[in-house]
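A.B. asks: My structure file target30.tsv, TSV, C-alpha atoms and all ligand atoms, is below:
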chain	number	residue	atom	x	y	z
C	1	MET	CA	5.45	-25.28	6.80
C	2	LYS	CA	6.96	-27.71	4.29
C	3	LYS	CA	5.72	-25.64	1.41
C	4	LYS	CA	7.56	-22.64	2.81
C	5	GLU	CA	10.82	-24.53	3.23
C	6	LYS	CA	10.70	-25.74	-0.35
C	7	ASP	CA	10.05	-22.19	-1.46
C	8	GLN	CA	13.05	-20.91	0.36
C	9	GLU	CA	15.30	-23.36	-1.43
C	10	GLU	CA	13.71	-22.41	-4.74
C	11	GLY	CA	14.32	-18.75	-3.95
C	12	GLN	CA	18.03	-19.36	-3.61
C	13	VAL	CA	18.35	-21.49	-6.75
C	14	LEU	CA	16.38	-19.13	-8.98
C	15	LYS	CA	18.74	-16.26	-8.45
C	16	GLU	CA	21.22	-18.10	-10.62
C	17	LYS	CA	18.79	-18.57	-13.52
C	18	GLN	CA	16.74	-16.10	-15.52
C	19	ALA	CA	13.83	-15.25	-13.28
C	20	ILE	CA	10.27	-14.95	-14.53
C	21	LEU	CA	9.27	-11.36	-13.82
C	22	TYR	CA	5.67	-10.19	-13.48
C	23	ILE	CA	4.88	-6.49	-13.35
C	24	VAL	CA	1.57	-5.99	-11.55
C	25	ILE	CA	-0.37	-2.80	-12.29
C	26	PRO	CA	-3.72	-1.96	-10.66
C	27	CYS	CA	-5.94	0.06	-13.00
C	28	TYR	CA	-9.02	2.05	-12.12
C	29	ASN	CA	-10.45	4.08	-14.99
C	30	GLU	CA	-7.07	4.22	-16.69
C	31	GLU	CA	-8.31	4.29	-20.30
C	32	PRO	CA	-6.36	7.49	-21.13
C	33	VAL	CA	-3.01	6.09	-20.02
C	34	LEU	CA	-2.99	2.35	-20.75
C	35	GLU	CA	-1.83	2.47	-24.37
C	36	GLU	CA	1.16	4.68	-23.66
C	37	THR	CA	2.03	2.63	-20.55
C	38	THR	CA	1.87	-0.53	-22.65
C	39	ARG	CA	4.08	0.97	-25.35
C	40	GLN	CA	6.79	1.99	-22.88
C	41	LEU	CA	6.65	-1.22	-20.86
C	42	LYS	CA	6.85	-3.33	-24.00
C	43	VAL	CA	10.14	-1.68	-24.94
C	44	LYS	CA	11.43	-2.20	-21.41
C	45	MET	CA	10.37	-5.86	-21.19
C	46	GLU	CA	11.80	-6.71	-24.61
C	47	LYS	CA	15.09	-5.09	-23.67
C	48	LEU	CA	15.27	-7.02	-20.38
C	49	ILE	CA	14.50	-10.30	-22.15
C	50	LYS	CA	17.10	-9.59	-24.85
C	51	GLU	CA	19.72	-8.86	-22.22
C	52	LYS	CA	18.78	-12.20	-20.63
C	53	LYS	CA	18.03	-10.46	-17.36
C	54	ILE	CA	14.57	-12.01	-17.21
C	55	SER	CA	12.91	-15.05	-18.71
C	56	PRO	CA	10.87	-14.72	-21.95
C	57	MET	CA	7.94	-16.06	-19.91
C	58	SER	CA	7.80	-12.74	-18.05
C	59	ARG	CA	4.61	-10.70	-18.30
C	60	VAL	CA	2.96	-7.42	-17.43
C	61	MET	CA	-0.28	-8.12	-15.52
C	62	TYR	CA	-2.96	-5.42	-15.46
C	63	VAL	CA	-5.53	-5.66	-12.68
C	64	ASN	CA	-8.82	-4.04	-13.63
C	65	ASP	CA	-10.26	-2.74	-10.35
C	66	GLY	CA	-13.90	-2.45	-11.39
C	67	SER	CA	-13.31	0.44	-13.78
C	68	LYS	CA	-16.34	2.32	-15.05
C	69	ASP	CA	-14.75	3.15	-18.41
C	70	LYS	CA	-13.40	0.85	-21.12
C	71	THR	CA	-10.24	-0.16	-19.21
C	72	TRP	CA	-11.05	-3.89	-19.20
C	73	GLU	CA	-11.89	-3.96	-22.90
C	74	LEU	CA	-8.60	-2.23	-23.54
C	75	ILE	CA	-6.68	-4.73	-21.38
C	76	GLN	CA	-8.25	-7.61	-23.33
C	77	LYS	CA	-7.34	-5.95	-26.61
C	78	ILE	CA	-3.75	-5.39	-25.49
C	79	HIS	CA	-3.54	-9.02	-24.33
C	80	LYS	CA	-4.60	-10.24	-27.79
C	81	GLN	CA	-2.10	-8.02	-29.61
C	82	GLU	CA	0.86	-8.22	-27.27
C	83	PRO	CA	1.86	-11.63	-25.89
C	84	LEU	CA	3.86	-9.99	-23.11
C	85	PHE	CA	0.70	-8.51	-21.58
C	86	THR	CA	-1.99	-10.23	-19.57
C	87	GLY	CA	-4.70	-9.19	-17.14
C	88	ILE	CA	-7.16	-10.08	-14.42
C	89	CYS	CA	-10.47	-8.43	-13.67
C	90	LEU	CA	-11.93	-7.93	-10.21
C	91	SER	CA	-15.67	-8.38	-9.77
C	92	ARG	CA	-16.00	-4.76	-8.60
C	93	ASN	CA	-13.98	-1.79	-7.38
C	94	ARG	CA	-12.11	-2.74	-4.21
C	95	GLY	CA	-9.59	0.10	-4.01
C	96	HIS	CA	-5.92	0.31	-4.88
C	97	GLN	CA	-4.51	-1.83	-2.04
C	98	ASN	CA	-6.91	-4.73	-2.56
C	99	ALA	CA	-6.46	-4.62	-6.32
C	100	LEU	CA	-2.72	-4.72	-5.83
C	101	LEU	CA	-3.02	-7.66	-3.45
C	102	ALA	CA	-5.20	-9.52	-5.94
C	103	GLY	CA	-2.55	-8.94	-8.61
C	104	LEU	CA	0.34	-10.00	-6.39
C	105	MET	CA	-1.38	-13.18	-5.21
C	106	THR	CA	-2.26	-14.13	-8.78
C	107	ALA	CA	1.12	-13.23	-10.27
C	108	LYS	CA	3.06	-15.26	-7.71
C	109	ASN	CA	1.58	-18.44	-9.18
C	110	TYR	CA	3.42	-17.76	-12.42
C	111	ALA	CA	6.39	-15.63	-11.43
C	112	ASP	CA	9.64	-15.88	-9.50
C	113	VAL	CA	9.74	-12.18	-8.83
C	114	VAL	CA	7.06	-9.48	-8.99
C	115	ILE	CA	7.26	-5.71	-9.35
C	116	SER	CA	4.23	-3.57	-8.48
C	117	MET	CA	3.72	-0.13	-9.94
C	118	ASP	CA	1.04	2.40	-10.89
C	119	ALA	CA	-0.61	2.60	-14.29
C	120	ASP	CA	0.20	6.27	-14.83
C	121	LEU	CA	3.99	5.84	-15.22
C	122	GLN	CA	4.63	8.16	-12.28
C	123	ASP	CA	7.03	5.48	-11.10
C	124	ASP	CA	10.07	5.70	-13.37
C	125	ILE	CA	10.28	2.40	-15.24
C	126	ASN	CA	14.04	2.80	-15.68
C	127	ALA	CA	14.42	1.85	-12.02
C	128	ILE	CA	13.33	-1.70	-12.94
C	129	ASP	CA	16.82	-2.66	-14.17
C	130	GLU	CA	18.40	-1.69	-10.90
C	131	MET	CA	15.67	-3.46	-8.93
C	132	ILE	CA	16.36	-6.70	-10.79
C	133	ASP	CA	20.12	-6.33	-10.28
C	134	LYS	CA	19.52	-5.94	-6.56
C	135	TYR	CA	17.27	-9.01	-6.59
C	136	TYR	CA	20.01	-11.09	-8.18
C	137	ALA	CA	22.39	-9.64	-5.60
C	138	GLY	CA	20.36	-11.52	-3.01
C	139	ASN	CA	17.58	-9.18	-1.91
C	140	ASP	CA	14.04	-10.45	-1.47
C	141	ILE	CA	12.49	-6.99	-1.38
C	142	VAL	CA	13.66	-3.89	-3.24
C	143	TYR	CA	11.84	-0.69	-2.30
C	144	GLY	CA	11.48	2.11	-4.84
C	145	VAL	CA	12.10	5.37	-2.98
C	146	ARG	CA	11.37	8.82	-4.39
C	147	SER	CA	14.51	10.88	-4.40
C	148	LYS	CA	12.82	14.23	-5.03
C	149	ARG	CA	9.33	15.57	-5.08
C	150	LYS	CA	10.02	18.56	-7.28
C	151	LYS	CA	7.20	17.75	-9.65
C	152	ASP	CA	4.56	17.31	-6.96
C	153	THR	CA	2.52	20.34	-5.97
C	154	TRP	CA	3.58	22.06	-2.75
C	155	PHE	CA	0.48	20.73	-1.04
C	156	LYS	CA	1.03	17.11	-2.09
C	157	ARG	CA	4.69	17.26	-1.09
C	158	VAL	CA	4.06	18.70	2.37
C	159	THR	CA	1.15	16.37	3.14
C	160	ALA	CA	2.92	13.28	1.83
C	161	GLU	CA	6.18	13.93	3.67
C	162	GLY	CA	4.26	14.85	6.80
C	163	PHE	CA	2.48	11.51	6.43
C	164	TYR	CA	5.72	9.49	6.52
C	165	LYS	CA	7.05	11.44	9.48
C	166	PHE	CA	3.83	11.15	11.41
C	167	MET	CA	3.61	7.42	10.72
C	168	SER	CA	7.07	6.78	12.10
C	169	LYS	CA	6.27	8.91	15.18
C	170	MET	CA	3.22	6.72	15.64
C	171	GLY	CA	5.42	3.65	15.68
C	172	VAL	CA	4.62	2.30	12.21
C	173	ASP	CA	7.70	0.85	10.53
C	174	ILE	CA	7.58	2.10	6.93
C	175	VAL	CA	10.26	3.01	4.41
C	176	TYR	CA	10.46	6.82	4.09
C	177	ASN	CA	9.06	8.12	0.78
C	178	HIS	CA	8.32	4.64	-0.50
C	179	ALA	CA	4.84	4.01	-1.88
C	180	ASP	CA	3.91	0.80	-3.68
C	181	TYR	CA	6.64	0.67	-6.31
C	182	ARG	CA	8.63	-2.35	-5.19
C	183	LEU	CA	10.10	-5.67	-6.17
C	184	THR	CA	9.26	-8.76	-4.14
C	185	SER	CA	10.40	-12.33	-4.49
C	186	LYS	CA	8.00	-15.23	-4.68
C	187	ARG	CA	8.76	-16.37	-1.17
C	188	VAL	CA	7.95	-12.95	0.30
C	189	LEU	CA	4.60	-13.11	-1.48
C	190	ASN	CA	4.01	-16.59	-0.08
C	191	TYR	CA	4.44	-15.13	3.39
C	192	LEU	CA	2.27	-12.14	2.52
C	193	GLU	CA	-0.54	-14.62	2.05
C	194	ASP	CA	-0.43	-15.29	5.80
C	195	TYR	CA	-1.33	-11.68	6.62
C	196	LYS	CA	-5.08	-11.97	6.70
C	197	GLU	CA	-6.07	-8.42	7.57
C	198	VAL	CA	-8.92	-6.67	5.87
C	199	ASN	CA	-7.67	-3.12	6.53
C	200	LEU	CA	-4.80	-3.42	4.08
C	201	PHE	CA	-1.76	-1.21	4.31
C	202	LEU	CA	0.74	-3.10	2.20
C	203	ARG	CA	3.72	-0.80	2.62
C	204	GLY	CA	3.54	-1.46	6.37
C	205	ILE	CA	3.36	-5.25	5.96
C	206	PHE	CA	6.46	-5.79	3.80
C	207	PRO	CA	8.92	-4.46	6.39
C	208	LEU	CA	7.22	-6.80	8.89
C	209	ILE	CA	7.83	-9.82	6.65
C	210	GLY	CA	11.54	-9.09	6.71
C	211	PHE	CA	14.27	-10.86	4.66
C	212	SER	CA	17.11	-8.90	3.14
C	213	SER	CA	16.02	-5.74	1.36
C	214	ASP	CA	17.47	-2.77	-0.46
C	215	VAL	CA	16.25	0.50	-1.94
C	216	VAL	CA	16.40	2.03	-5.41
C	217	TYR	CA	16.03	5.80	-5.78
C	218	TYR	CA	13.98	7.27	-8.58
C	219	GLU	CA	12.38	10.55	-9.53
C	220	ARG	CA	8.62	10.58	-9.51
C	221	ASN	CA	7.08	11.98	-12.67
C	222	GLU	CA	3.82	13.77	-13.17
C	223	ARG	CA	0.77	11.76	-14.18
C	224	PHE	CA	0.83	12.19	-17.96
C	225	ALA	CA	-2.89	11.72	-18.56
C	226	GLY	CA	-6.12	11.23	-16.66
C	227	GLU	CA	-6.57	12.42	-13.11
C	228	SER	CA	-5.47	11.19	-9.68
C	229	LYS	CA	-7.69	8.60	-8.06
C	230	TYR	CA	-6.32	9.61	-4.68
C	231	PRO	CA	-8.03	12.82	-3.59
C	232	LEU	CA	-7.21	14.27	-0.15
C	233	LYS	CA	-10.11	12.46	1.48
C	234	LYS	CA	-8.87	9.04	0.35
C	235	MET	CA	-5.31	9.95	1.34
C	236	LEU	CA	-6.39	10.86	4.86
C	237	SER	CA	-8.42	7.69	5.28
C	238	PHE	CA	-5.44	5.69	3.97
C	239	ALA	CA	-3.16	7.30	6.56
C	240	TRP	CA	-5.70	6.66	9.28
C	241	ASP	CA	-5.93	3.01	8.24
C	242	GLY	CA	-2.16	2.75	8.33
C	243	ILE	CA	-1.93	4.07	11.86
C	244	THR	CA	-4.82	2.19	13.39
C	245	SER	CA	-3.91	-1.10	11.68
C	246	PHE	CA	-0.28	-1.05	12.71
C	247	SER	CA	0.12	0.84	15.94
C	248	ILE	CA	-1.39	0.90	19.41
C	249	LYS	CA	0.21	4.24	20.19
C	250	PRO	CA	-3.12	6.10	20.01
C	251	ILE	CA	-4.43	3.88	22.81
C	252	LYS	CA	-1.31	4.59	24.85
C	253	MET	CA	-1.82	8.29	24.25
C	254	VAL	CA	-5.33	8.01	25.61
C	255	LEU	CA	-3.93	6.32	28.69
C	256	ASN	CA	-1.32	9.07	29.15
C	257	LEU	CA	-3.98	11.72	28.68
C	258	GLY	CA	-6.09	9.98	31.32
C	259	ILE	CA	-3.19	10.04	33.79
C	260	ILE	CA	-2.56	13.74	33.19
C	261	ILE	CA	-6.24	14.58	33.59
C	262	PHE	CA	-6.35	12.58	36.81
C	263	ILE	CA	-3.44	14.56	38.26
C	264	VAL	CA	-5.00	17.84	37.14
C	265	SER	CA	-8.34	16.89	38.66
C	266	ILE	CA	-6.70	16.36	42.07
C	267	ILE	CA	-5.22	19.84	41.85
C	268	VAL	CA	-8.64	21.19	40.82
C	269	LEU	CA	-10.24	19.39	43.77
C	270	ILE	CA	-7.84	21.03	46.20
C	271	TYR	CA	-8.46	24.38	44.51
C	272	CYS	CA	-12.24	23.96	44.83
C	273	LEU	CA	-12.00	23.09	48.53
C	274	VAL	CA	-9.86	26.14	49.18
C	275	VAL	CA	-12.32	28.38	47.29
C	276	LYS	CA	-15.24	26.82	49.21
C	277	PHE	CA	-13.61	27.47	52.62
C	278	LEU	CA	-12.97	31.05	51.60
C	279	GLY	CA	-16.72	31.34	50.97
C	280	ASN	CA	-16.64	32.23	47.26
C	281	THR	CA	-18.58	29.22	45.93
C	282	VAL	CA	-20.74	31.00	43.38
C	283	ALA	CA	-17.70	32.27	41.53
C	284	GLY	CA	-16.66	28.64	40.87
C	285	TRP	CA	-19.66	27.95	38.70
C	286	THR	CA	-17.88	28.94	35.46
C	287	PHE	CA	-14.95	26.75	36.31
C	288	THR	CA	-17.13	23.72	37.11
C	289	THR	CA	-19.07	24.06	33.91
C	290	CYS	CA	-15.85	24.36	31.91
C	291	SER	CA	-14.44	21.23	33.54
C	292	ILE	CA	-17.53	19.21	32.78
C	293	TRP	CA	-17.36	20.19	29.17
C	294	LEU	CA	-13.66	19.54	28.91
C	295	VAL	CA	-13.78	16.11	30.52
C	296	ALA	CA	-16.85	15.09	28.57
C	297	GLY	CA	-15.09	16.12	25.38
C	298	LEU	CA	-11.98	14.18	26.18
C	299	GLU	CA	-14.00	11.13	27.11
C	300	MET	CA	-15.75	11.24	23.81
C	301	LEU	CA	-12.43	11.48	22.02
C	302	SER	CA	-11.04	8.51	23.91
C	303	LEU	CA	-14.12	6.47	23.23
C	304	GLY	CA	-13.83	7.33	19.57
C	305	ILE	CA	-10.28	6.05	19.35
C	306	ILE	CA	-11.09	2.86	21.25
C	307	GLY	CA	-14.12	2.43	19.05
C	308	GLU	CA	-11.86	2.54	16.01
C	309	TYR	CA	-9.96	-0.46	17.28
C	310	VAL	CA	-13.12	-2.32	18.19
C	311	GLY	CA	-14.30	-1.65	14.67
C	312	LYS	CA	-11.11	-3.11	13.28
C	313	ILE	CA	-11.41	-6.22	15.44
C	314	TYR	CA	-14.93	-6.56	14.15
C	315	SER	CA	-13.97	-6.49	10.50
C	316	GLU	CA	-10.94	-8.75	11.01
C	317	THR	CA	-13.00	-11.42	12.79
C	318	LYS	CA	-15.40	-11.55	9.88
C	319	ALA	CA	-12.48	-12.56	7.65
C	320	ARG	CA	-14.30	-11.79	4.44
C	321	PRO	CA	-12.48	-12.38	1.17
C	322	ARG	CA	-10.65	-9.23	0.21
C	323	TYR	CA	-11.23	-9.68	-3.49
C	324	ILE	CA	-12.93	-12.00	-5.92
C	325	ILE	CA	-11.38	-12.51	-9.33
C	326	SER	CA	-13.98	-12.92	-12.00
C	327	ARG	CA	-11.59	-13.61	-14.90
C	328	ASN	CA	-7.95	-14.49	-15.42
C	329	LEU	CA	-6.63	-14.17	-18.95
C	330	ASN	CA	-3.61	-16.34	-18.19
C	331	GLU	CA	-5.85	-19.31	-17.33
C	332	GLU	CA	-8.20	-18.63	-20.24
C	333	GLU	CA	-5.27	-18.65	-22.62
C	334	LYS	CA	-4.19	-22.06	-21.30
C	335	SER	CA	-7.63	-23.64	-21.71
C	336	GLU	CA	-7.96	-22.23	-25.23
C	337	LYS	CA	-4.84	-24.08	-26.35
C	401	LIG	N1	-6.25	2.57	-8.38
C	401	LIG	C1	-6.99	1.38	-8.28
C	401	LIG	N2	-8.20	1.40	-7.62
C	401	LIG	C2	-8.70	2.55	-7.06
C	401	LIG	C3	-7.93	3.74	-7.15
C	401	LIG	C4	-6.72	3.72	-7.81
C	401	LIG	O1	-6.57	0.34	-8.76
C	401	LIG	O2	-9.81	2.49	-6.49
C	401	LIG	C5	-4.95	2.55	-9.10
C	401	LIG	C6	-4.81	3.55	-10.22
C	401	LIG	O3	-5.34	3.04	-11.43
C	401	LIG	C7	-3.30	3.74	-10.31
C	401	LIG	C8	-2.88	3.55	-8.85
C	401	LIG	O4	-3.95	2.91	-8.18
C	401	LIG	O5	-2.67	2.76	-11.10
C	401	LIG	C9	-2.51	4.86	-8.17
C	401	LIG	O6	-3.55	5.79	-8.34
C	401	LIG	P1	-3.28	7.31	-8.72
C	401	LIG	O7	-2.18	7.40	-9.73
C	401	LIG	O8	-4.57	7.93	-9.12
C	401	LIG	O9	-2.80	7.91	-7.32
C	401	LIG	P2	-1.70	9.07	-7.06
C	401	LIG	O10	-0.49	8.72	-7.87
C	401	LIG	O11	-2.33	10.33	-7.48
C	401	LIG	O12	-1.43	9.00	-5.58
C	402	MG	MG	-0.46	8.32	-9.81
Produce structure tokens that represent the structure in this file.
Ligand code: UDP
Ligand code: MG
C.D. replies:
Amino acid sequence: MKKKEKDQEEGQVLKEKQAILYIVIPCYNEEPVLEETTRQLKVKMEKLIKEKKISPMSRVMYVNDGSKDKTWELIQKIHKQEPLFTGICLSRNRGHQNALLAGLMTAKNYADVVISMDADLQDDINAIDEMIDKYYAGNDIVYGVRSKRKKDTWFKRVTAEGFYKFMSKMGVDIVYNHADYRLTSKRVLNYLEDYKEVNLFLRGIFPLIGFSSDVVYYERNERFAGESKYPLKKMLSFAWDGITSFSIKPIKMVLNLGIIIFIVSIIVLIYCLVVKFLGNTVAGWTFTTCSIWLVAGLEMLSLGIIGEYVGKIYSETKARPRYIISRNLNEEEKSEK
């Protein structure tokens, strides 16, 4: 606990100095975009340093998430040429959320404040200035929120907005239209370390951590090169993870369904008795068969949902490491000197 208290004090003091900013960017097969991203971020970082908004020790940290192309070679090359850029490499592909977590947990050792964003520049980098202003104004978390989705396809827009609405109906506290473009202070990241779950849904965890927060609105651009690593299948499984990791509403729905079925079955029982006394038993065969099928189906559904939770308990109790970092250019640079 002492460590945390010290951190809190540090958090307050640092807001008066130039903070060390780290921008963490997970990259999976991002060879086509990295050079342009680097060019634009370099301009941005140099401007921020010149304006004395951030410390010259600030860096952009690429996280190579087990890419199959030359992404890691490119990151190493960029690191050699541009002192403002560094990188870490995961031992294999672990998915966007785990790669991001690896980056955040590594960056917090060097930084006072960290911004996470995607490699494809879909998150408008001009929102960074405002995020930093809001950090100095005393916010520990600044959420980047998409103001419009004009440039998304109709399908992506409807599914994504439906996702946020459905999540909040399901009792998951998330910021509407906010993905993973956000600023977090070092102390928030220190608390994030205490969330040990394997089924990671970061945008649900940050609101749980709390502290003062604000939002910055930005327009989401199109991916300028390469293709999306989030096909519909991954999006659906991400949403499913979000709901089952953060909400017990599905279990409550099963319970409610059970109560309704119980009431209905009493009515059906009375109905059957009446039909029997009237002497029309054979005619009830269809109805009985239908009921059996219906109830069996619902039972299966309920079991499936409960099974999902049991599965989650299972993977959480194993407490496997969520990522293994094979290399860290920041540390290598130090030992070279
Ligand atoms: N990403 C990753 N690991 C993966 C898939 C994606 O690190 O297994 C990164 C990817 O390089 C990008 C970010 O996650 O920086 C978001 O992916 P993408 O832009 O493809 O998703 P979309 O914007 O289409 O939702
Ligand atoms: Mg993208």
A.B. asks: Give as number ranges by chain the residues surrounding ligand MG 402 (chain C) up to a distance of 12 Å, considering only C-alpha atoms and all ligand atoms.
C.D. replies: C: 25-28, 30, 33, 96, 117-124, 152, 156, 179-181, 220-231
A.B. asks: So, counting all atoms listed in the file, which residue among C:Thr288, C:Lys312, C:Met253, C:Leu236 is closest to Leu269 (chain C)?
C.D. replies: C:Thr288
A.B. asks: Using all atoms listed in the file, can you tell me which of C:Ile248, C:Met61, C:Ile267, C:Val43 comes closest to ligand LIG 401 (chain C)?
C.D. replies: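 That would be C:Met61, the residue with the smallest distance to ligand LIG 401 (chain C).
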A.B. asks: Near Arg59 (chain C), within 10 Å and counting only C-alpha atoms, which residues show up once chain neighbours fewer than 5 positions away are dropped, as a ChimeraX atom specification?
C.D. replies: /C:20-24,42,45,83-87,107,110-111,114,330
A.B. asks: Write out as number ranges by chain the residues lying within 9 Å of region 185-194 of chain C, counting all atoms listed in the file and excluding same-chain residues fewer than 2 positions away.
C.D. replies: C: 4, 7-8, 10-11, 104-105, 108-109, 111-115, 135, 139-141, 183, 196, 205-206, 209-211
A.B. asks: With all atoms listed in the file as the basis for distance, which of C:Gly95, C:Gly307, C:Gly162, C:Gly171 is at the shortest distance from ligand LIG 401 (chain C)?
C.D. replies: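 Closest candidate: C:Gly95.
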A.B. asks: Restricting the calculation to all atoms listed in the file: of C:Leu48, C:Leu232, C:Leu301, C:Ile54, which residue gets closest to ligand LIG 401 (chain C)?
C.D. replies: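 Of all the options, C:Leu232 lies closest to ligand LIG 401 (chain C).
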A.B. asks: Tell me which of C:Leu208, C:Leu41, C:Ile306, C:Leu100 sits closest to ligand LIG 401 (chain C), counting all atoms listed in the file.
C.D. replies: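 Smallest separation from ligand LIG 401 (chain C) among the options: C:Leu100.
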